[in-house]
file work11.cif (mmCIF, C-alpha atoms (C1' of nucleotides))
data_data
loop_
_atom_site.label_atom_id
_atom_site.label_comp_id
_atom_site.auth_asym_id
_atom_site.auth_seq_id
_atom_site.Cartn_x
_atom_site.Cartn_y
_atom_site.Cartn_z
CA MET A 1 11.84 -12.32 -5.45
CA LEU A 2 10.41 -8.94 -4.52
CA GLU A 3 7.13 -8.25 -6.26
CA PRO A 4 6.70 -4.60 -7.20
CA ALA A 5 3.19 -4.43 -5.69
CA GLN A 6 4.50 -5.79 -2.41
CA PHE A 7 7.34 -3.30 -2.41
CA PHE A 8 4.86 -0.46 -2.92
CA LYS A 9 2.78 -1.84 -0.07
CA CYS A 10 5.83 -1.53 2.16
CA LEU A 11 6.15 2.13 1.23
CA ALA A 12 2.41 2.83 1.49
CA ASP A 13 2.65 3.79 5.17
CA GLU A 14 4.27 7.07 6.25
CA THR A 15 6.23 5.50 9.08
CA ARG A 16 7.63 2.75 6.87
CA LEU A 17 8.29 5.11 3.96
CA TYR A 18 10.28 7.66 5.91
CA ALA A 19 12.06 5.05 8.02
CA THR A 20 13.19 3.42 4.78
CA LEU A 21 14.23 6.69 3.16
CA LEU A 22 16.17 7.76 6.25
CA ILE A 23 17.96 4.45 6.52
CA HIS A 24 18.75 4.54 2.83
CA GLN A 25 20.22 7.99 3.26
CA GLN A 26 22.10 7.40 6.51
CA ASP A 27 23.31 3.89 5.70
CA GLU A 28 22.09 2.52 9.02
CA LEU A 29 20.02 3.61 11.99
CA CYS A 30 18.90 1.96 15.20
CA VAL A 31 15.38 1.91 16.59
CA CYS A 32 15.93 4.68 19.11
CA GLU A 33 17.31 7.00 16.42
CA LEU A 34 14.22 6.41 14.29
CA MET A 35 11.98 7.00 17.30
CA GLU A 36 13.65 10.37 17.71
CA ALA A 37 13.65 11.32 14.03
CA LEU A 38 10.07 10.27 13.33
CA ASP A 39 8.76 11.12 16.80
CA ASP A 40 6.92 7.84 17.20
CA SER A 41 6.58 5.19 19.87
CA GLN A 42 9.02 2.32 20.20
CA PRO A 43 6.55 -0.52 19.49
CA LYS A 44 5.22 1.30 16.45
CA ILE A 45 8.67 1.83 14.97
CA SER A 46 9.77 -1.69 15.82
CA ARG A 47 6.73 -3.31 14.31
CA HIS A 48 7.07 -1.43 11.02
CA LEU A 49 10.77 -2.23 10.85
CA ALA A 50 10.01 -5.92 11.39
CA GLN A 51 7.56 -5.73 8.52
CA LEU A 52 10.14 -4.11 6.25
CA ARG A 53 12.64 -6.78 7.22
CA SER A 54 10.27 -9.66 6.54
CA CYS A 55 9.50 -8.20 3.09
CA GLY A 56 13.20 -8.13 2.25
CA VAL A 57 13.56 -4.36 2.23
CA LEU A 58 15.71 -4.01 5.35
CA SER A 59 18.12 -6.18 7.26
CA ASP A 60 19.12 -5.87 10.89
CA THR A 61 22.19 -6.51 12.97
CA ARG A 62 22.68 -6.24 16.69
CA ARG A 63 25.68 -4.39 18.09
CA GLY A 64 25.65 -4.38 21.87
CA GLN A 65 22.28 -3.28 23.11
CA TRP A 66 21.33 -1.67 19.84
CA VAL A 67 19.82 -3.19 16.74
CA PHE A 68 20.85 -1.38 13.58
CA TYR A 69 18.77 -1.49 10.42
CA SER A 70 20.17 -1.06 6.93
CA MET A 71 19.02 -1.71 3.38
CA ALA A 72 18.84 -5.40 2.51
CA LYS A 73 21.70 -6.40 0.22
CA THR A 74 19.25 -8.34 -1.94
CA LEU A 75 17.14 -5.32 -2.79
CA PRO A 76 16.98 -5.07 -6.59
CA GLU A 77 18.31 -2.06 -8.45
CA TRP A 78 14.86 -0.89 -9.58
CA ALA A 79 13.79 -0.65 -5.94
CA LEU A 80 16.81 1.45 -5.04
CA GLU A 81 16.08 3.69 -8.00
CA ILE A 82 12.54 4.23 -6.77
CA LEU A 83 13.88 5.14 -3.34
CA ARG A 84 16.28 7.66 -4.86
CA THR A 85 13.49 9.23 -6.90
CA THR A 86 11.24 9.48 -3.85
CA GLN A 87 14.06 10.91 -1.80
CA ASP A 88 14.82 13.62 -4.34
CA ALA A 89 11.16 14.58 -4.47
CA ASN A 90 10.92 14.93 -0.68
CA LEU A 91 14.10 16.64 0.40
CA ASP A 92 12.21 19.19 2.52
CA ARG A 93 10.47 16.63 4.68
CA LEU A 94 13.60 14.53 4.99
CA LYS A 95 15.63 17.51 6.12
CA ILE A 96 13.33 17.97 9.11
CA PHE A 97 13.85 14.36 10.16
CA GLN A 98 17.61 14.67 9.71
CA GLU A 99 17.71 17.74 11.91
CA LYS A 100 15.97 15.87 14.69
CA LEU A 101 18.56 13.15 14.28
CA THR A 102 21.57 15.44 14.54
CA ALA A 103 20.01 17.25 17.50
CA MET A 104 19.60 13.96 19.33
CA LYS A 105 21.44 13.58 22.63
CA ASN A 106 23.18 10.33 23.61
CA ARG A 107 23.14 9.03 20.10
CA PRO A 108 24.58 5.52 20.01
CA GLN A 109 28.05 5.51 18.52
CA CYS A 110 28.80 3.24 15.64
CA CYS A 111 31.43 0.95 17.17
CA MET B 1 -0.86 17.54 -3.68
CA LEU B 2 -0.06 13.88 -4.09
CA GLU B 3 1.63 12.41 -1.02
CA PRO B 4 4.22 9.79 -1.87
CA ALA B 5 2.81 7.30 0.66
CA GLN B 6 -0.62 7.65 -0.89
CA PHE B 7 0.77 7.18 -4.37
CA PHE B 8 2.49 3.98 -3.25
CA LYS B 9 -0.77 2.80 -1.72
CA CYS B 10 -2.36 3.18 -5.13
CA LEU B 11 0.29 0.94 -6.62
CA ALA B 12 0.20 -1.57 -3.74
CA ASP B 13 -2.45 -3.70 -5.42
CA GLU B 14 -1.65 -5.83 -8.46
CA THR B 15 -4.78 -4.83 -10.35
CA ARG B 16 -4.17 -1.13 -9.77
CA LEU B 17 -0.46 -1.40 -10.47
CA TYR B 18 -0.72 -3.15 -13.80
CA ALA B 19 -3.75 -1.15 -14.89
CA THR B 20 -1.72 1.99 -14.27
CA LEU B 21 1.38 0.68 -16.04
CA LEU B 22 -0.64 -0.45 -19.04
CA ILE B 23 -2.44 2.86 -19.33
CA HIS B 24 0.84 4.72 -18.96
CA GLN B 25 2.27 2.63 -21.77
CA GLN B 26 -0.72 2.68 -24.11
CA ASP B 27 -1.73 6.29 -23.47
CA GLU B 28 -5.34 5.36 -22.85
CA LEU B 29 -7.45 2.27 -22.36
CA CYS B 30 -11.11 1.63 -21.65
CA VAL B 31 -12.55 -0.65 -19.00
CA CYS B 32 -13.28 -3.54 -21.34
CA GLU B 33 -9.73 -3.51 -22.68
CA LEU B 34 -8.36 -3.70 -19.16
CA MET B 35 -10.78 -6.51 -18.32
CA GLU B 36 -9.36 -8.43 -21.26
CA ALA B 37 -5.70 -7.65 -20.60
CA LEU B 38 -5.82 -8.33 -16.87
CA ASP B 39 -8.45 -11.07 -17.09
CA ASP B 40 -10.57 -9.65 -14.27
CA SER B 41 -14.23 -8.92 -13.65
CA GLN B 42 -15.82 -5.66 -14.70
CA PRO B 43 -16.76 -4.43 -11.21
CA LYS B 44 -13.30 -5.19 -9.92
CA ILE B 45 -11.56 -3.26 -12.70
CA SER B 46 -14.02 -0.40 -12.47
CA ARG B 47 -13.69 -0.10 -8.72
CA HIS B 48 -9.90 0.07 -8.83
CA LEU B 49 -9.96 2.59 -11.66
CA ALA B 50 -12.31 4.79 -9.65
CA GLN B 51 -9.88 4.63 -6.76
CA LEU B 52 -6.97 5.62 -8.99
CA ARG B 53 -8.99 8.50 -10.36
CA SER B 54 -9.98 9.81 -6.94
CA CYS B 55 -6.32 9.72 -5.86
CA GLY B 56 -5.35 11.85 -8.83
CA VAL B 57 -3.42 9.16 -10.66
CA LEU B 58 -5.80 8.69 -13.58
CA SER B 59 -8.39 10.77 -15.35
CA ASP B 60 -11.30 9.52 -17.41
CA THR B 61 -13.24 10.69 -20.41
CA ARG B 62 -16.30 9.18 -21.98
CA ARG B 63 -16.48 8.66 -25.73
CA GLY B 64 -19.73 7.08 -26.76
CA GLN B 65 -20.43 4.07 -24.62
CA TRP B 66 -16.83 3.71 -23.61
CA VAL B 67 -14.96 5.40 -20.78
CA PHE B 68 -11.28 5.83 -21.52
CA TYR B 69 -8.73 6.18 -18.76
CA SER B 70 -5.41 7.99 -19.11
CA MET B 71 -2.75 9.37 -16.79
CA ALA B 72 -3.87 12.46 -14.89
CA LYS B 73 -2.24 15.62 -16.27
CA THR B 74 -1.49 16.76 -12.72
CA LEU B 75 0.63 13.74 -11.88
CA PRO B 76 4.03 15.06 -10.74
CA GLU B 77 7.23 14.18 -12.57
CA TRP B 78 8.60 12.02 -9.75
CA ALA B 79 5.53 9.81 -9.96
CA LEU B 80 5.97 9.35 -13.69
CA GLU B 81 9.61 8.50 -13.13
CA ILE B 82 8.62 5.80 -10.65
CA LEU B 83 6.19 4.38 -13.18
CA ARG B 84 8.90 4.28 -15.84
CA THR B 85 11.29 2.51 -13.48
CA THR B 86 8.66 -0.04 -12.52
CA GLN B 87 7.76 -0.57 -16.15
CA ASP B 88 11.35 -1.21 -17.17
CA ALA B 89 11.75 -3.73 -14.37
CA ASN B 90 8.65 -5.66 -15.41
CA LEU B 91 8.73 -5.82 -19.17
CA ASP B 92 8.10 -9.59 -19.20
CA ARG B 93 4.88 -9.40 -17.28
CA LEU B 94 3.72 -6.37 -19.21
CA LYS B 95 4.34 -8.09 -22.52
CA ILE B 96 1.87 -10.82 -21.58
CA PHE B 97 -0.82 -8.25 -20.87
CA GLN B 98 -0.09 -6.43 -24.12
CA GLU B 99 -0.43 -9.63 -26.10
CA LYS B 100 -3.87 -10.23 -24.64
CA LEU B 101 -4.72 -6.70 -25.65
CA THR B 102 -3.66 -7.05 -29.26
CA ALA B 103 -5.39 -10.42 -29.51
CA MET B 104 -8.64 -8.87 -28.35
CA LYS B 105 -11.60 -9.01 -30.72
CA ASN B 106 -13.98 -6.10 -31.19
CA ARG B 107 -11.61 -3.68 -29.62
CA PRO B 108 -13.20 -0.24 -29.42
CA GLN B 109 -11.75 2.13 -31.99
CA CYS B 110 -10.39 5.42 -30.87
CA CYS B 111 -12.76 7.84 -32.66
"C1'" DG C 1 22.19 -12.25 40.38
"C1'" DC C 2 20.09 -7.38 40.01
"C1'" DT C 3 18.92 -3.31 37.50
"C1'" DA C 4 18.47 -0.20 33.65
"C1'" DT C 5 18.22 0.39 28.80
"C1'" DA C 6 17.04 -1.18 24.14
"C1'" DT C 7 14.20 -3.83 21.40
"C1'" DA C 8 10.67 -7.33 20.23
"C1'" DT C 9 6.29 -9.49 20.53
"C1'" DA C 10 1.41 -10.50 21.92
"C1'" DT C 11 -3.18 -8.99 22.63
"C1'" DT C 12 -7.09 -6.28 21.78
"C1'" DG C 13 -10.17 -3.25 19.55
"C1'" DA C 14 -10.92 -0.05 15.88
"C1'" DT C 15 -10.64 0.80 11.14
"C1'" DA C 16 -9.61 -0.21 6.30
"C1'" DT C 17 -9.43 -3.11 2.30
"C1'" DT C 18 -10.98 -6.42 -0.80
"C1'" DC C 19 -14.11 -9.19 -3.33
"C1'" DG C 20 -18.38 -11.14 -5.47
"C1'" DA C 21 -23.12 -10.51 -6.35
"C1'" DA C 22 -26.72 -7.69 -7.36
"C1'" DT C 23 -28.29 -3.53 -9.11
"C1'" DA C 24 -28.17 1.01 -11.23
"C1'" DT C 25 -26.80 4.23 -14.82
"C1'" DC C 26 -25.47 5.86 -19.24
"C1'" DC C 27 -25.26 5.64 -24.17
"C1'" DG C 28 -26.29 4.32 -29.05
"C1'" DC C 29 -29.53 2.47 -31.91
"C1'" DA C 30 -33.73 0.48 -33.75
"C1'" DT D 1 -39.62 4.45 -26.22
"C1'" DG D 2 -37.33 0.28 -25.39
"C1'" DC D 3 -33.29 -2.78 -25.67
"C1'" DG D 4 -28.48 -4.25 -25.15
"C1'" DG D 5 -23.79 -3.29 -24.19
"C1'" DA D 6 -20.48 -0.71 -21.28
"C1'" DT D 7 -19.57 1.06 -16.97
"C1'" DA D 8 -20.50 2.44 -12.10
"C1'" DT D 9 -22.14 1.77 -7.54
"C1'" DT D 10 -23.83 -0.44 -3.48
"C1'" DC D 11 -23.95 -4.01 0.03
"C1'" DG D 12 -22.29 -7.50 3.07
"C1'" DA D 13 -18.83 -10.79 4.47
"C1'" DA D 14 -14.17 -12.03 4.98
"C1'" DT D 15 -9.82 -10.47 5.85
"C1'" DA D 16 -6.02 -7.32 6.67
"C1'" DT D 17 -4.02 -3.48 8.89
"C1'" DC D 18 -3.14 -0.39 12.53
"C1'" DA D 19 -2.25 1.81 17.17
"C1'" DA D 20 -2.02 1.36 21.98
"C1'" DT D 21 -0.99 -1.20 25.93
"C1'" DA D 22 1.20 -4.66 28.29
"C1'" DT D 23 4.65 -7.94 28.54
"C1'" DA D 24 8.84 -10.47 27.18
"C1'" DT D 25 13.67 -10.83 25.80
"C1'" DA D 26 18.42 -9.36 25.31
"C1'" DT D 27 22.43 -6.88 26.75
"C1'" DA D 28 25.53 -3.96 29.68
"C1'" DG D 29 27.22 -2.66 34.03
"C1'" DC D 30 27.59 -3.51 38.69
#
call {"tool": "encode", "arguments": {"input": "work11.cif", "output": "structure tokens"}}
result
Amino acid sequence: MLEPAQFFKCLADETRLYATLLIHQQDELCVCELMEALDDSQPKISRHLAQLRSCGVLSDTRRGQWVFYSMAKTLPEWALEILRTTQDANLDRLKIFQEKLTAMKNRPQCC
Amino acid sequence: MLEPAQFFKCLADETRLYATLLIHQQDELCVCELMEALDDSQPKISRHLAQLRSCGVLSDTRRGQWVFYSMAKTLPEWALEILRTTQDANLDRLKIFQEKLTAMKNRPQCC
DNA sequence: GCTATATATATTGATATTCGAATATCCGCA
DNA sequence: TGCGGATATTCGAATATCAATATATATAGC
């Protein structure tokens, strides 16, 4: 069971927060897409994603050479509601990340 | 301006989270009431309240020997919405804290 | 098997967080 | 002015977190 304080801890870091919001918005993203959108190093992104997965916020699935992250199916409704609220309050910042995503070359195709 | 990641950091600790939710629910509470409700030491409560105040989540006002904490007027609407959502998802736990509050002897009167 | 790409993990050092204990401050009242 | 209750702050130790670097694993294509 996801404790609210632990969930907030997951969102208390900018990298984890915006990775989560982007994944929530885009349904699923792989590590290299998040590297591009958030302009961060691969180990940094990967480590934070692993943390989000182990807390039950995200789940991952490998397709070919890519590992795609999406929201965990077990995430309770209140947590999703908090993500929606945070998203709505930060549309400006999210738009910048989205633009970097769409401008990305060689984006892995969802197969 | 309150950054969402910083707000979540404030709520990432059980003491700070439930102190905030209780204050949000009860309008205002003093340190000794929170000590009773959360069953924690005075320095611990006081330290976390100071942190919440310096982040712009709470504000304090002294009345006589007591210092009452309430939600900061500057707290943005999205933050309040997140508190409401968290509250609704944790009514059971909150009820226990409230009962300790109402059972408290020598509770300072709001003057 | 070899190589390139994508991702994960381990290690290290710096920094942050948390707590309890002790102490300080502030207020009301005698 | 002095005392007691309420609250705040400081200090040190234990622990957690973080970023950067290096290394390991997995997969695809040849």
call {"tool": "atom_distance", "arguments": {"input": "work11.cif", "atom1": "CA of Leu38 in chain B", "atom2": "CA of Cys10 in chain A"}}
result
23.3 Å
call {"tool": "residues_around", "arguments": {"input": "work11.cif", "residues": "Leu101 in chain A", "least_positions_apart": "2", "cutoff": "7 Å", "atoms": "all atoms listed in the file", "output": "ChimeraX atom specification"}}
result
/A:33,36-37,97-99,103-104
call {"tool": "calpha_fit_and_write", "arguments": {"input": "work11.cif", "fixed": "chain B", "moving": "chain A", "output": "PDB file with C-alpha atoms, in the frame of the given file"}}
result
ATOM      1  CA  MET A   1      -0.878  17.534  -3.690  1.00  0.00           C
ATOM      2  CA  LEU A   2      -0.060  13.860  -4.103  1.00  0.00           C
ATOM      3  CA  GLU A   3       1.611  12.417  -1.039  1.00  0.00           C
ATOM      4  CA  PRO A   4       4.233   9.808  -1.881  1.00  0.00           C
ATOM      5  CA  ALA A   5       2.825   7.306   0.646  1.00  0.00           C
ATOM      6  CA  GLN A   6      -0.617   7.642  -0.890  1.00  0.00           C
ATOM      7  CA  PHE A   7       0.788   7.159  -4.362  1.00  0.00           C
ATOM      8  CA  PHE A   8       2.521   3.969  -3.226  1.00  0.00           C
ATOM      9  CA  LYS A   9      -0.745   2.807  -1.695  1.00  0.00           C
ATOM     10  CA  CYS A  10      -2.348   3.171  -5.111  1.00  0.00           C
ATOM     11  CA  LEU A  11       0.311   0.924  -6.609  1.00  0.00           C
ATOM     12  CA  ALA A  12       0.236  -1.581  -3.734  1.00  0.00           C
ATOM     13  CA  ASP A  13      -2.444  -3.712  -5.407  1.00  0.00           C
ATOM     14  CA  GLU A  14      -1.640  -5.851  -8.462  1.00  0.00           C
ATOM     15  CA  THR A  15      -4.765  -4.845 -10.343  1.00  0.00           C
ATOM     16  CA  ARG A  16      -4.164  -1.138  -9.788  1.00  0.00           C
ATOM     17  CA  LEU A  17      -0.431  -1.407 -10.472  1.00  0.00           C
ATOM     18  CA  TYR A  18      -0.725  -3.164 -13.803  1.00  0.00           C
ATOM     19  CA  ALA A  19      -3.761  -1.158 -14.894  1.00  0.00           C
ATOM     20  CA  THR A  20      -1.723   1.985 -14.262  1.00  0.00           C
ATOM     21  CA  LEU A  21       1.374   0.679 -16.022  1.00  0.00           C
ATOM     22  CA  LEU A  22      -0.649  -0.445 -19.039  1.00  0.00           C
ATOM     23  CA  ILE A  23      -2.449   2.860 -19.317  1.00  0.00           C
ATOM     24  CA  HIS A  24       0.823   4.708 -18.960  1.00  0.00           C
ATOM     25  CA  GLN A  25       2.266   2.633 -21.764  1.00  0.00           C
ATOM     26  CA  GLN A  26      -0.733   2.679 -24.099  1.00  0.00           C
ATOM     27  CA  ASP A  27      -1.733   6.292 -23.478  1.00  0.00           C
ATOM     28  CA  GLU A  28      -5.352   5.358 -22.832  1.00  0.00           C
ATOM     29  CA  LEU A  29      -7.479   2.269 -22.352  1.00  0.00           C
ATOM     30  CA  CYS A  30     -11.139   1.644 -21.647  1.00  0.00           C
ATOM     31  CA  VAL A  31     -12.554  -0.646 -18.987  1.00  0.00           C
ATOM     32  CA  CYS A  32     -13.306  -3.524 -21.327  1.00  0.00           C
ATOM     33  CA  GLU A  33      -9.745  -3.494 -22.682  1.00  0.00           C
ATOM     34  CA  LEU A  34      -8.371  -3.706 -19.147  1.00  0.00           C
ATOM     35  CA  MET A  35     -10.793  -6.514 -18.328  1.00  0.00           C
ATOM     36  CA  GLU A  36      -9.362  -8.420 -21.266  1.00  0.00           C
ATOM     37  CA  ALA A  37      -5.710  -7.626 -20.580  1.00  0.00           C
ATOM     38  CA  LEU A  38      -5.827  -8.321 -16.850  1.00  0.00           C
ATOM     39  CA  ASP A  39      -8.465 -11.054 -17.076  1.00  0.00           C
ATOM     40  CA  ASP A  40     -10.558  -9.636 -14.263  1.00  0.00           C
ATOM     41  CA  SER A  41     -14.212  -8.887 -13.667  1.00  0.00           C
ATOM     42  CA  GLN A  42     -15.807  -5.619 -14.704  1.00  0.00           C
ATOM     43  CA  PRO A  43     -16.755  -4.392 -11.202  1.00  0.00           C
ATOM     44  CA  LYS A  44     -13.289  -5.188  -9.906  1.00  0.00           C
ATOM     45  CA  ILE A  45     -11.559  -3.261 -12.676  1.00  0.00           C
ATOM     46  CA  SER A  46     -14.002  -0.380 -12.440  1.00  0.00           C
ATOM     47  CA  ARG A  47     -13.678  -0.038  -8.709  1.00  0.00           C
ATOM     48  CA  HIS A  48      -9.876   0.057  -8.810  1.00  0.00           C
ATOM     49  CA  LEU A  49      -9.931   2.581 -11.635  1.00  0.00           C
ATOM     50  CA  ALA A  50     -12.292   4.792  -9.630  1.00  0.00           C
ATOM     51  CA  GLN A  51      -9.853   4.611  -6.751  1.00  0.00           C
ATOM     52  CA  LEU A  52      -6.940   5.599  -8.981  1.00  0.00           C
ATOM     53  CA  ARG A  53      -8.984   8.480 -10.338  1.00  0.00           C
ATOM     54  CA  SER A  54      -9.973   9.775  -6.915  1.00  0.00           C
ATOM     55  CA  CYS A  55      -6.304   9.702  -5.838  1.00  0.00           C
ATOM     56  CA  GLY A  56      -5.343  11.839  -8.822  1.00  0.00           C
ATOM     57  CA  VAL A  57      -3.412   9.153 -10.665  1.00  0.00           C
ATOM     58  CA  LEU A  58      -5.812   8.670 -13.578  1.00  0.00           C
ATOM     59  CA  SER A  59      -8.420  10.738 -15.336  1.00  0.00           C
ATOM     60  CA  ASP A  60     -11.342   9.502 -17.387  1.00  0.00           C
ATOM     61  CA  THR A  61     -13.293  10.662 -20.389  1.00  0.00           C
ATOM     62  CA  ARG A  62     -16.340   9.165 -22.008  1.00  0.00           C
ATOM     63  CA  ARG A  63     -16.456   8.672 -25.767  1.00  0.00           C
ATOM     64  CA  GLY A  64     -19.715   7.090 -26.848  1.00  0.00           C
ATOM     65  CA  GLN A  65     -20.414   4.059 -24.742  1.00  0.00           C
ATOM     66  CA  TRP A  66     -16.835   3.708 -23.623  1.00  0.00           C
ATOM     67  CA  VAL A  67     -15.006   5.393 -20.792  1.00  0.00           C
ATOM     68  CA  PHE A  68     -11.314   5.831 -21.499  1.00  0.00           C
ATOM     69  CA  TYR A  69      -8.755   6.182 -18.733  1.00  0.00           C
ATOM     70  CA  SER A  70      -5.452   7.993 -19.101  1.00  0.00           C
ATOM     71  CA  MET A  71      -2.777   9.380 -16.805  1.00  0.00           C
ATOM     72  CA  ALA A  72      -3.891  12.462 -14.891  1.00  0.00           C
ATOM     73  CA  LYS A  73      -2.262  15.596 -16.290  1.00  0.00           C
ATOM     74  CA  THR A  74      -1.506  16.745 -12.749  1.00  0.00           C
ATOM     75  CA  LEU A  75       0.631  13.741 -11.907  1.00  0.00           C
ATOM     76  CA  PRO A  76       4.027  15.039 -10.761  1.00  0.00           C
ATOM     77  CA  GLU A  77       7.216  14.175 -12.597  1.00  0.00           C
ATOM     78  CA  TRP A  78       8.592  12.030  -9.759  1.00  0.00           C
ATOM     79  CA  ALA A  79       5.514   9.811  -9.993  1.00  0.00           C
ATOM     80  CA  LEU A  80       5.956   9.344 -13.725  1.00  0.00           C
ATOM     81  CA  GLU A  81       9.597   8.494 -13.144  1.00  0.00           C
ATOM     82  CA  ILE A  82       8.615   5.810 -10.660  1.00  0.00           C
ATOM     83  CA  LEU A  83       6.185   4.369 -13.191  1.00  0.00           C
ATOM     84  CA  ARG A  84       8.893   4.272 -15.852  1.00  0.00           C
ATOM     85  CA  THR A  85      11.291   2.526 -13.483  1.00  0.00           C
ATOM     86  CA  THR A  86       8.663  -0.045 -12.528  1.00  0.00           C
ATOM     87  CA  GLN A  87       7.766  -0.576 -16.149  1.00  0.00           C
ATOM     88  CA  ASP A  88      11.360  -1.214 -17.171  1.00  0.00           C
ATOM     89  CA  ALA A  89      11.757  -3.717 -14.358  1.00  0.00           C
ATOM     90  CA  ASN A  90       8.649  -5.668 -15.399  1.00  0.00           C
ATOM     91  CA  LEU A  91       8.749  -5.832 -19.162  1.00  0.00           C
ATOM     92  CA  ASP A  92       8.099  -9.593 -19.185  1.00  0.00           C
ATOM     93  CA  ARG A  93       4.854  -9.400 -17.266  1.00  0.00           C
ATOM     94  CA  LEU A  94       3.701  -6.367 -19.208  1.00  0.00           C
ATOM     95  CA  LYS A  95       4.333  -8.093 -22.510  1.00  0.00           C
ATOM     96  CA  ILE A  96       1.860 -10.824 -21.580  1.00  0.00           C
ATOM     97  CA  PHE A  97      -0.832  -8.246 -20.864  1.00  0.00           C
ATOM     98  CA  GLN A  98      -0.084  -6.423 -24.112  1.00  0.00           C
ATOM     99  CA  GLU A  99      -0.435  -9.621 -26.092  1.00  0.00           C
ATOM    100  CA  LYS A 100      -3.867 -10.210 -24.636  1.00  0.00           C
ATOM    101  CA  LEU A 101      -4.740  -6.676 -25.648  1.00  0.00           C
ATOM    102  CA  THR A 102      -3.651  -7.029 -29.262  1.00  0.00           C
ATOM    103  CA  ALA A 103      -5.380 -10.408 -29.514  1.00  0.00           C
ATOM    104  CA  MET A 104      -8.634  -8.860 -28.351  1.00  0.00           C
ATOM    105  CA  LYS A 105     -11.573  -9.015 -30.751  1.00  0.00           C
ATOM    106  CA  ASN A 106     -13.958  -6.074 -31.217  1.00  0.00           C
ATOM    107  CA  ARG A 107     -11.584  -3.654 -29.628  1.00  0.00           C
ATOM    108  CA  PRO A 108     -13.193  -0.223 -29.416  1.00  0.00           C
ATOM    109  CA  GLN A 109     -11.724   2.129 -31.980  1.00  0.00           C
ATOM    110  CA  CYS A 110     -10.339   5.422 -30.863  1.00  0.00           C
ATOM    111  CA  CYS A 111     -12.668   7.847 -32.651  1.00  0.00           C
TER     112      CYS A 111
END
call {"tool": "resolve_selection", "arguments": {"input": "work11.cif", "expression": "the PyMOL selection byres ((chain D) within 8 of (chain B))", "output": "number ranges by chain"}}
result
D: 6-8
call {"tool": "resolve_selection", "arguments": {"input": "work11.cif", "expression": "the PyMOL selection byres ((chain B) within 7 of (chain A))", "output": "number ranges by chain"}}
result
B: 5-6, 8-9, 11-14, 17, 78, 82, 85-86, 89
call {"tool": "closest_atom_pairs", "arguments": {"input": "work11.cif", "of": "chain C", "to": "chain A", "cutoff": "9 Å", "atoms": "all atoms listed in the file", "output": "JSON lines"}}
result
{"residue": "C:DT5", "atom": "C1'", "partner": "A:Gln65", "partner_atom": "CA", "distance": 7.9}
{"residue": "C:DA6", "atom": "C1'", "partner": "A:Gln65", "partner_atom": "CA", "distance": 5.7}
{"residue": "C:DT7", "atom": "C1'", "partner": "A:Val67", "partner_atom": "CA", "distance": 7.3}
{"residue": "C:DA8", "atom": "C1'", "partner": "A:Ser46", "partner_atom": "CA", "distance": 7.2}
{"residue": "C:DT9", "atom": "C1'", "partner": "A:Arg47", "partner_atom": "CA", "distance": 8.8}
call {"tool": "write_last_selection", "arguments": {"input": "work11.cif", "atoms": "C-alpha atoms (C1' of nucleotides)", "output": "PDB file, in the coordinates of the input"}}
result
ATOM      1  C1'  DT C   5      18.220   0.390  28.800  1.00  0.00           C
ATOM      2  C1'  DA C   6      17.040  -1.180  24.140  1.00  0.00           C
ATOM      3  C1'  DT C   7      14.200  -3.830  21.400  1.00  0.00           C
ATOM      4  C1'  DA C   8      10.670  -7.330  20.230  1.00  0.00           C
ATOM      5  C1'  DT C   9       6.290  -9.490  20.530  1.00  0.00           C
TER       6       DT C   9
END
call {"tool": "residues_around", "arguments": {"input": "work11.cif", "residues": "range 14-16 of chain C", "least_positions_apart": "2", "cutoff": "9 Å", "atoms": "all atoms listed in the file", "output": "JSON, numbers by chain"}}
result
{"D": [16, 17, 18, 19]}
call {"tool": "residues_around", "arguments": {"input": "work11.cif", "residues": "Met71 in chain A", "least_positions_apart": "2", "cutoff": "12 Å", "atoms": "all atoms listed in the file", "output": "number ranges by chain"}}
result
A: 19-29, 49, 52-53, 55-61, 68-69, 73-77, 79-80, 83
call {"tool": "resolve_selection", "arguments": {"input": "work11.cif", "expression": "the PyMOL selection byres ((chain C and resi 23-25) around 10)", "output": "compact mmCIF listing (two decimals) with C-alpha atoms (C1' of nucleotides), in the coordinates of the input"}}
result
# COMPACT_ATOMS: atom_id res chain seq x y z
C1' DA C 21 -23.12 -10.51 -6.35
C1' DA C 22 -26.72 -7.69 -7.36
C1' DC C 26 -25.47 5.86 -19.24
C1' DC C 27 -25.26 5.64 -24.17
C1' DT D 7 -19.57 1.06 -16.97
C1' DA D 8 -20.50 2.44 -12.10
C1' DT D 9 -22.14 1.77 -7.54
C1' DT D 10 -23.83 -0.44 -3.48
call {"tool": "decode", "arguments": {"input": "work11.cif", "residues": "range 59-70 of chain A", "atoms": "C-alpha atoms", "output": "CSV table (one decimal), in the first residue's frame"}}
result
chain,number,residue,atom,x,y,z
A,59,SER,CA,6.3,0.1,-14.1
A,60,ASP,CA,8.6,-0.8,-16.9
A,61,THR,CA,8.6,-3.1,-19.9
A,62,ARG,CA,11.3,-3.9,-22.4
A,63,ARG,CA,10.6,-3.8,-26.1
A,64,GLY,CA,13.7,-4.5,-28.1
A,65,GLN,CA,16.6,-2.5,-26.9
A,66,TRP,CA,14.3,0.1,-25.2
A,67,VAL,CA,12.8,0.0,-21.8
A,68,PHE,CA,9.5,1.9,-21.7
A,69,TYR,CA,8.1,3.3,-18.4
A,70,SER,CA,4.5,3.9,-17.7
